[in-house]
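Source file input24.txt; content: compact mmCIF, C-alpha atoms.
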```txt
# COMPACT_ATOMS: atom_id res chain seq x y z
CA MET S 144 39.47 244.63 16.04
CA PRO S 145 36.91 247.48 16.03
CA GLY S 146 34.73 245.63 18.53
CA ASP S 147 37.54 245.62 21.07
CA GLY S 148 36.71 248.48 23.44
CA GLU S 149 40.18 248.62 24.95
CA ALA S 150 41.83 248.83 21.53
CA LEU S 151 39.49 251.63 20.45
CA LEU S 152 40.11 253.53 23.68
CA ALA S 153 43.85 253.22 23.13
CA LEU S 154 43.38 254.55 19.59
CA GLU S 155 41.35 257.51 20.84
CA LEU S 156 44.12 258.32 23.31
CA ALA S 157 46.69 258.17 20.51
CA LEU S 158 44.49 260.43 18.36
CA GLY S 159 44.03 262.88 21.24
CA HIS S 160 40.26 262.88 20.80
CA ARG S 161 37.34 261.14 22.52
CA PHE S 162 34.61 260.55 19.95
CA ALA S 163 31.15 261.90 20.70
CA ARG S 164 29.98 259.77 17.78
CA PRO S 165 31.98 256.53 18.07
CA GLU S 166 30.20 255.14 15.03
CA LEU S 167 32.40 257.45 12.94
CA LEU S 168 35.55 255.77 14.22
CA ASP S 169 33.96 252.38 13.61
CA GLU S 170 33.19 253.41 10.04
CA ALA S 171 36.76 254.62 9.55
CA LEU S 172 38.01 251.16 10.52
CA THR S 173 35.60 249.22 8.29
CA HIS S 174 36.84 248.08 4.90
CA ARG S 175 34.28 247.87 2.11
CA SER S 176 34.57 244.07 2.16
CA ALA S 177 33.06 244.08 5.67
CA ALA S 178 30.54 246.88 5.17
CA ALA S 179 26.84 246.20 5.60
CA GLN S 180 24.07 247.72 3.51
CA GLY S 181 22.38 250.53 5.43
CA ARG S 182 25.37 251.06 7.73
CA ALA S 183 28.46 252.48 6.02
CA PRO S 184 27.80 250.55 2.77
CA PHE S 185 31.00 251.98 1.28
CA GLY S 186 33.17 251.10 4.25
CA PHE S 187 35.67 253.81 5.05
CA GLU S 188 35.80 255.18 1.48
CA ARG S 189 33.69 258.30 2.12
CA LEU S 190 35.66 259.24 5.24
CA GLU S 191 38.88 258.51 3.33
CA PHE S 192 37.75 261.02 0.68
CA LEU S 193 37.16 263.62 3.40
CA GLY S 194 40.38 262.86 5.28
CA ASP S 195 42.47 263.24 2.14
CA ARG S 196 41.28 266.84 1.74
CA VAL S 197 41.67 267.67 5.43
CA LEU S 198 45.21 266.29 5.54
CA SER S 199 46.20 268.25 2.45
CA LEU S 200 44.94 271.52 3.95
CA VAL S 201 46.49 271.02 7.38
CA VAL S 202 49.87 269.94 6.00
CA ALA S 203 49.93 272.94 3.66
CA ASP S 204 49.28 275.23 6.62
CA LEU S 205 51.98 273.51 8.70
CA LEU S 206 54.52 273.98 5.92
CA LEU S 207 53.72 277.66 5.42
CA LEU S 208 54.34 278.27 9.12
CA ARG S 209 57.43 276.05 9.41
CA PHE S 210 59.24 277.22 6.24
CA PRO S 211 58.44 280.93 5.73
CA GLY S 212 61.45 281.42 3.45
CA GLU S 213 60.62 278.75 0.87
CA ASP S 214 58.88 279.30 -2.45
CA GLU S 215 55.85 277.48 -3.83
CA GLY S 216 57.93 274.87 -5.64
CA ALA S 217 59.84 273.82 -2.53
CA LEU S 218 56.67 273.76 -0.44
CA SER S 219 54.91 271.67 -3.09
CA ARG S 220 57.68 269.05 -3.04
CA ARG S 221 57.51 268.85 0.75
CA HIS S 222 53.71 268.64 0.64
CA ALA S 223 53.73 265.84 -1.93
CA ALA S 224 56.12 263.79 0.20
CA LEU S 225 54.06 264.28 3.36
CA VAL S 226 50.64 263.34 1.96
CA ARG S 227 51.69 260.40 -0.21
CA GLU S 228 51.05 256.75 0.59
CA ALA S 229 54.39 256.07 2.28
CA ALA S 230 53.93 258.84 4.86
CA LEU S 231 50.33 257.86 5.60
CA ALA S 232 51.25 254.19 5.96
CA ARG S 233 54.03 255.14 8.36
CA VAL S 234 51.62 257.06 10.59
CA ALA S 235 49.08 254.22 10.32
CA ARG S 236 51.68 251.73 11.56
CA SER S 237 52.45 253.94 14.54
CA LEU S 238 48.74 253.71 15.44
CA ASP S 239 48.59 249.97 14.67
CA LEU S 240 45.65 250.60 12.35
CA GLY S 241 46.30 247.41 10.43
CA ALA S 242 45.27 245.38 13.47
CA LEU S 243 42.05 247.37 13.84
CA VAL S 244 40.69 247.45 10.30
CA ARG S 245 37.76 245.08 9.87
CA GLY S 246 37.36 243.03 6.70
CA PRO S 247 40.59 242.19 4.87
CA ARG S 248 42.81 239.24 5.68
CA ALA S 249 45.79 239.83 7.97
CA GLU S 250 48.31 240.03 5.12
CA GLU S 251 46.11 242.53 3.28
CA ARG S 252 45.83 244.77 6.34
CA ALA S 253 49.61 245.19 6.26
CA ALA S 254 49.61 246.54 2.69
CA PRO S 255 50.80 250.19 2.51
CA GLY S 256 47.87 251.20 0.32
CA LEU S 257 45.24 249.90 2.73
CA LEU S 258 47.06 251.42 5.72
CA ALA S 259 47.21 254.79 3.97
CA ASP S 260 43.50 254.66 3.09
CA ALA S 261 42.56 253.76 6.67
CA CYS S 262 44.71 256.60 8.02
CA GLU S 263 42.94 259.10 5.78
CA ALA S 264 39.59 257.68 6.90
CA VAL S 265 40.52 258.14 10.57
CA ILE S 266 41.48 261.76 9.84
CA GLY S 267 38.12 262.20 8.13
CA ALA S 268 36.39 260.75 11.19
CA LEU S 269 38.29 263.14 13.47
CA TYR S 270 37.18 266.09 11.36
CA ALA S 271 33.57 264.90 11.15
CA ASP S 272 33.37 264.39 14.92
CA GLY S 273 35.55 267.17 16.34
CA GLY S 274 35.98 269.67 13.54
CA LEU S 275 39.20 271.07 12.13
CA GLU S 276 40.68 271.59 15.60
CA ALA S 277 40.63 267.85 16.38
CA ALA S 278 42.13 266.98 13.00
CA GLU S 279 44.81 269.67 13.28
CA ARG S 280 45.80 268.52 16.76
CA PHE S 281 46.39 264.96 15.61
CA ILE S 282 48.04 265.79 12.27
CA GLY S 283 50.29 268.38 13.90
CA ALA S 284 51.58 265.82 16.40
CA ALA S 285 51.77 262.81 14.07
CA TRP S 286 53.36 264.61 11.12
CA ALA S 287 55.80 266.80 13.09
CA PRO S 288 58.63 264.22 12.97
CA LEU S 289 58.13 263.78 9.22
CA VAL S 290 58.15 267.55 8.62
CA LEU S 291 61.38 267.99 10.56
CA GLU S 292 63.27 265.08 8.99
CA SER S 293 64.56 267.08 6.06
CA GLU S 294 66.28 270.47 6.26
CA THR S 295 65.92 270.87 2.51
CA PRO S 296 62.91 270.07 0.30
CA PRO S 297 62.90 266.45 -0.91
CA GLN S 298 64.25 265.87 -4.39
CA ASP S 299 61.60 265.06 -6.96
CA ALA S 300 63.43 262.64 -9.26
CA LYS S 301 60.95 263.01 -12.14
CA THR S 302 61.29 266.79 -12.10
CA ALA S 303 65.08 266.58 -11.87
CA LEU S 304 65.20 264.19 -14.84
CA GLN S 305 62.89 266.43 -16.86
CA GLU S 306 65.10 269.44 -16.14
CA TRP S 307 68.20 267.41 -17.12
CA ALA S 308 66.66 266.56 -20.49
CA GLN S 309 65.34 270.07 -21.17
CA GLY S 310 68.70 271.59 -20.26
CA ARG S 311 70.26 269.58 -23.10
CA GLY S 312 67.53 270.31 -25.63
CA LEU S 313 66.19 266.74 -25.49
CA ALA S 314 62.61 265.52 -25.57
CA LEU S 315 60.87 264.92 -22.25
CA PRO S 316 61.55 261.55 -20.59
CA SER S 317 59.10 258.80 -21.56
CA TYR S 318 57.69 256.33 -19.02
CA ARG S 319 56.01 253.00 -19.60
CA VAL S 320 54.74 250.29 -17.27
CA ALA S 321 56.82 247.23 -18.12
CA GLU S 322 55.20 244.81 -15.67
CA VAL S 323 52.63 244.53 -12.90
CA ALA S 324 53.18 241.60 -10.55
CA GLY S 325 52.05 240.42 -7.13
CA PRO S 326 48.58 239.97 -5.61
CA GLU S 327 45.82 242.51 -6.16
CA HIS S 328 46.05 243.86 -2.62
CA ALA S 329 49.83 244.41 -2.90
CA PRO S 330 50.81 244.93 -6.55
CA LEU S 331 54.37 245.63 -7.66
CA PHE S 332 54.75 247.96 -10.63
CA THR S 333 57.88 247.94 -12.79
CA VAL S 334 58.36 251.08 -14.85
CA GLU S 335 60.91 251.85 -17.56
CA VAL S 336 62.01 255.40 -18.28
CA ALA S 337 64.03 256.57 -21.27
CA VAL S 338 65.63 259.80 -22.40
CA GLU S 339 66.52 260.36 -26.05
CA GLY S 340 69.86 258.83 -26.95
CA ARG S 341 70.48 257.30 -23.51
CA PRO S 342 70.01 253.74 -22.21
CA ALA S 343 66.73 253.24 -20.38
CA ALA S 344 66.43 252.43 -16.67
CA ARG S 345 63.91 250.33 -14.77
CA ALA S 346 62.70 250.28 -11.18
CA SER S 347 59.80 248.89 -9.19
CA GLY S 348 57.44 250.23 -6.54
CA PRO S 349 54.08 249.57 -4.84
CA SER S 350 52.34 252.09 -7.11
CA LYS S 351 52.85 253.44 -10.61
CA ARG S 352 53.85 256.82 -9.20
CA ALA S 353 56.40 255.31 -6.81
CA ALA S 354 57.86 253.14 -9.58
CA GLU S 355 58.16 256.16 -11.89
CA GLN S 356 60.00 258.13 -9.22
CA ALA S 357 62.31 255.19 -8.52
CA ALA S 358 63.00 254.69 -12.24
CA ALA S 359 63.74 258.40 -12.69
CA ALA S 360 66.15 258.29 -9.75
CA ALA S 361 67.84 255.21 -11.22
CA LEU S 362 68.26 256.91 -14.60
CA ILE S 363 69.66 260.08 -13.00
CA HIS S 364 72.19 257.95 -11.13
CA GLN S 365 73.02 256.26 -14.42
CA LEU S 366 73.42 259.57 -16.24
CA GLU S 367 75.65 261.02 -13.53
CA GLY S 368 78.31 258.63 -14.76
CA GLY S 369 78.19 260.39 -18.12
CA ASP S 370 77.76 264.09 -18.86
CA GLY S 371 75.03 264.59 -16.20
```
Any chance you could put this one into structure tokens?
Amino acid sequence: MPGDGEALLALELALGHRFARPELLDEALTHRSAAAQGRAPFGFERLEFLGDRVLSLVVADLLLLRFPGEDEGALSRRHAALVREAALARVARSLDLGALVRGPRAEERAAPGLLADACEAVIGALYADGGLEAAERFIGAAWAPLVLESETPPQDAKTALQEWAQGRGLALPSYRVAEVAGPEHAPLFTVEVAVEGRPAARASGPSKRAAEQAAAAALIHQLEGGDG
């Protein structure tokens, strides 16, 4: 937990930065449910807000340098994949942030959404304490494996489905949330997507966006058995 000096030291080593203002790291690891009035009353939310913007900038810069021959569309698809919840949660797990966040119950600290938020907050703390250089150093190292995993830009299923429909003169695909299940800290969204004149497809995910992408991918797979 944040009060464990050895655990915080290990985290600083993993981040590649020794905090001059350790209270920033403490704030980044404090969920709103454990925040105290007068000392980080919003928990890590403000640092999360900052970290989100820093991550977006640094990843965009990394992609411009790594893929000089790709256009804006390809870079945007890569960027979206690298700053979304799944990527952030993956990095958070590598840092064992779930064990360090103060406030939520153990099962809640394992939720991808909370892990992603905490990871953004830690990036915000790095920037606030050490400037862009400290944030870039960590993001460059932590995101390098994710950047290099795909030779080609990731496929955006929603875009691909939209292009499929437009190429046949059909209306744009329509999405609707069919169900939301599970506890508040780990909801499961089920989304249905339909294209004019074709059977609909459903899929689930931990967020509405993820469920929409999964449903679009399922419908594309379904359509590939026809004239797609």
**Item:** Contacts of S:Arg341 at 9 Å (only C-alpha atoms; same-chain gap of 3+ positions) as number ranges by chain
**Value:** S: 337-338, 366
Print the selection's residues with C-alpha atoms to a file, as a compact mmCIF listing (two decimals), keeping the file's coordinate frame.
```txt
# COMPACT_ATOMS: atom_id res chain seq x y z
CA ALA S 337 64.03 256.57 -21.27
CA VAL S 338 65.63 259.80 -22.40
CA LEU S 366 73.42 259.57 -16.24
```
**Item:** Length of the atom CA of S:Glu292 to atom CA of S:Leu198 vector [Å]
**Value:**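 Those two atoms sit 18.4 Å apart.
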**Prompt:** S:Ile363, S:Leu331, S:Leu275, S:Val290: which is nearest S:Ala344, counting all atoms listed in the file?
**Reply:**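 Counting all atoms listed in the file, the residue closest to S:Ala344 is S:Ile363.
Rounded to one decimal, atom CA of S:Arg220 and atom CA of S:Ala285 lie 19.1 Å from each other.
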**Request:** Return the single residue from S:Leu206, S:Leu172, S:Ala357, S:Leu193 that is closest to S:Leu291, with distances computed using all atoms listed in the file.
**Result:**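 The shortest atom-to-atom distance to S:Leu291 comes from S:Leu206.
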**Message:** If we count only C-alpha atoms and set the cut-off at 12 Å, which residues sit around S:Ala229, ignoring sequence neighbours fewer than 4 positions away in its own chain? Please answer as a list in words.
**Reply:**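 The contact residues come out as Ala223, Ala224, Leu225, Arg233, Val234, Ala235, Arg236, Ala254, Pro255, Gly256, Leu257, Leu258, Ala259, Asp260, Cys262, Leu289, Gly348, Pro349, Ser350, Arg352 and Ala353 of chain S.
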**Prompt:** Which residue gives the smallest distance to S:Ala277 among S:Ala150, S:Ala217, S:Ala163, S:Arg175, with all atoms listed in the file counted?
**Reply:**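 Using all atoms listed in the file, the shortest distance to S:Ala277 belongs to S:Ala163.
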